[in-house]
Amino acid sequence: MMLEAKNVRKFFHGEEILKGIDLQVEQGDVVAILGPSGSGKTTFLRCLNFLERADEGELTFDGEAYPMATATHQQIARLRRKTAFVFQNYNLFLNKTVLQNVTLGLIVAGKMKKADAKRVAVDALTRVGMADRLDSYPSQLSGGQQQRVAIARGLVSNPEIIFFDEPTSALDPELIGEVLAVMRQLARDGMTMLVVTHEMDFARNVSNRVMFMDGGRVIETGPSQAFFQAPREQRSRDFLRSIQDARQ
Amino acid sequence: MNERLWNIIVESFPKLLEYGLKVTVPLTILSFILALVIAVIVAMIQYANVKPLLPVCRFYIWLIRGTPLLVQLYVVFYVLPEIGIMLDAYPVAVIVFGFNEGAYMAETIRGALESVSVGQMEAGYCVGFNYLQTMWHIVLPQAFRTAFPALSNSLISMIKGTSLASTITVREMLTEAKVINGRVMETGGLYVEVAVIYLAFCTLLTWLQHALERRLARHGGTVK
């Protein structure tokens, strides 16, 4: 097991947002986390990278245990070095060029030499098709391009898993495809990914497993094909039907 | 304008300009650097919510903004010696101007820091930065860009404010104009001359500000 979260609970202003979430991720898994908005899926993902502090829960990652409510700064830093996080609104460093966005973590946090960092960065930017925009600033790029740079920024640290928080939700429809294509290629290359998404085609065809959440609980977990063809729970069926209706 | 006054103005110009360049400009630069250091520290304490130091920052800003600059100069220059602290006029001026403008600039920078989206900080953490690295490489530069026009205002306001140093015996441009004025028994003409020199300095600074703003805009475009 590469990553295992047990009984993750989180309160916001006295309200329970996460009511004991369990998740297991194997190496090479692409897990889609689905659910209506407000179901807690983004909060759960952020807790895994300690962007939010869970009030309860045990995280085991890469053979190391992290008490989610009490993990120390050092533990959190160690976990973040082995993971990457892709945000809904990209969060590229606005005062840095594309190349600097990708190399800065390597140089400052990873103590890598500038020339080495550049080589690694150009490789990663080539993978996402952005190697021709090294000197552009984020404000000069489209949303899809920014998100691909953000993925490259995550890739260069050689993460064991990449967390995606609704990576295409802020994009214009015509730009979604280019980001999904990059993610599909990553999945093919064997990258372990945990993806909060509303893209049902991605969940169905690229992810191998689905976790469906509603109201701060896991309603159903299972192989993607099974979830879409024969959902076990009534709420899963309702959710899939509502999405189908919205499409027509 | 009579010929005598014109001659006085022409003759005194090199002397006044010299004091402007030798005293007013360095006094402004030193005071501004001090103000900037104070402002960044005070703003960061508030931004990072360093609890034990918050009351100190609030007291400082309250005290400085609530009292006139001229009174602050007098208090430091005339009252401190009474309790045994003797300082020359010039360092007193630097300290007072620095601490005074620092209070205003602290608020400018705090506002600019708070305008940087929290996602920038989170992205910094996710690429492995610690708090200070994220502040230094990501948040502060973006805040600085936002604060830049207001900080330019502070600098321009400060260069004119340094004329108040004449009241505590610092020999600067206005002091020199007063001296010449006394010698030649003229009334207002020399002060117009001083005003023109200040105006030239400020025009130069405004021009510099716009040039730098264009440069900053090229390096990263608009900050949302």
# chains A, B, ... in the order shown; residues from 1 in each chain; ligands from 1
>>> interface_residues(of="chain A", to="chain B", cutoff="10 Å", atoms="only C-alpha atoms", output="VMD selection string")
chain A and resid 49 to 51 73 76 to 97 101 to 106 108 to 110 135 to 140 150 153 to 154 156 to 157
>>> closest_residue(among="A:Gly143, A:Leu186, A:Asp201, A:Thr43", to="A:Glu174", atoms="only C-alpha atoms")
A:Gly143
>>> select_by_dssp(residues="stretch 158-237 of chain A", states="alpha helix (DSSP H)", output="number ranges by chain")
A: 173-188, 200-205, 224-229, 234-237
>>> atom_distance(atom1="atom CA of A:Asp189", atom2="atom CA of A:Ile176")
20.2 Å
>>> atom_distance(atom1="atom CA of B:Glu114", atom2="atom CA of B:Ala143")
8.0 Å
>>> residues_around(residues="A:Gly215", least_positions_apart="4", cutoff="9 Å", atoms="only C-alpha atoms", output="PyMOL selection string")
chain A and resi 17-19+35-36+38-40
>>> select_by_dssp(residues="stretch 29-169 of chain A", states="strand (DSSP E or B)", output="VMD selection string")
chain A and resid 30 to 34 56 to 61 64 to 67 83 to 86 161 to 165
>>> residues_around(residues="stretch 164-178 of chain B", least_positions_apart="6", cutoff="10 Å", atoms="only C-alpha atoms", output="ChimeraX atom specification")
/B:12-13,15-25,27,69-70,73-74,76-78,88-94,96-97,186-187,189-191,193-195,197-198
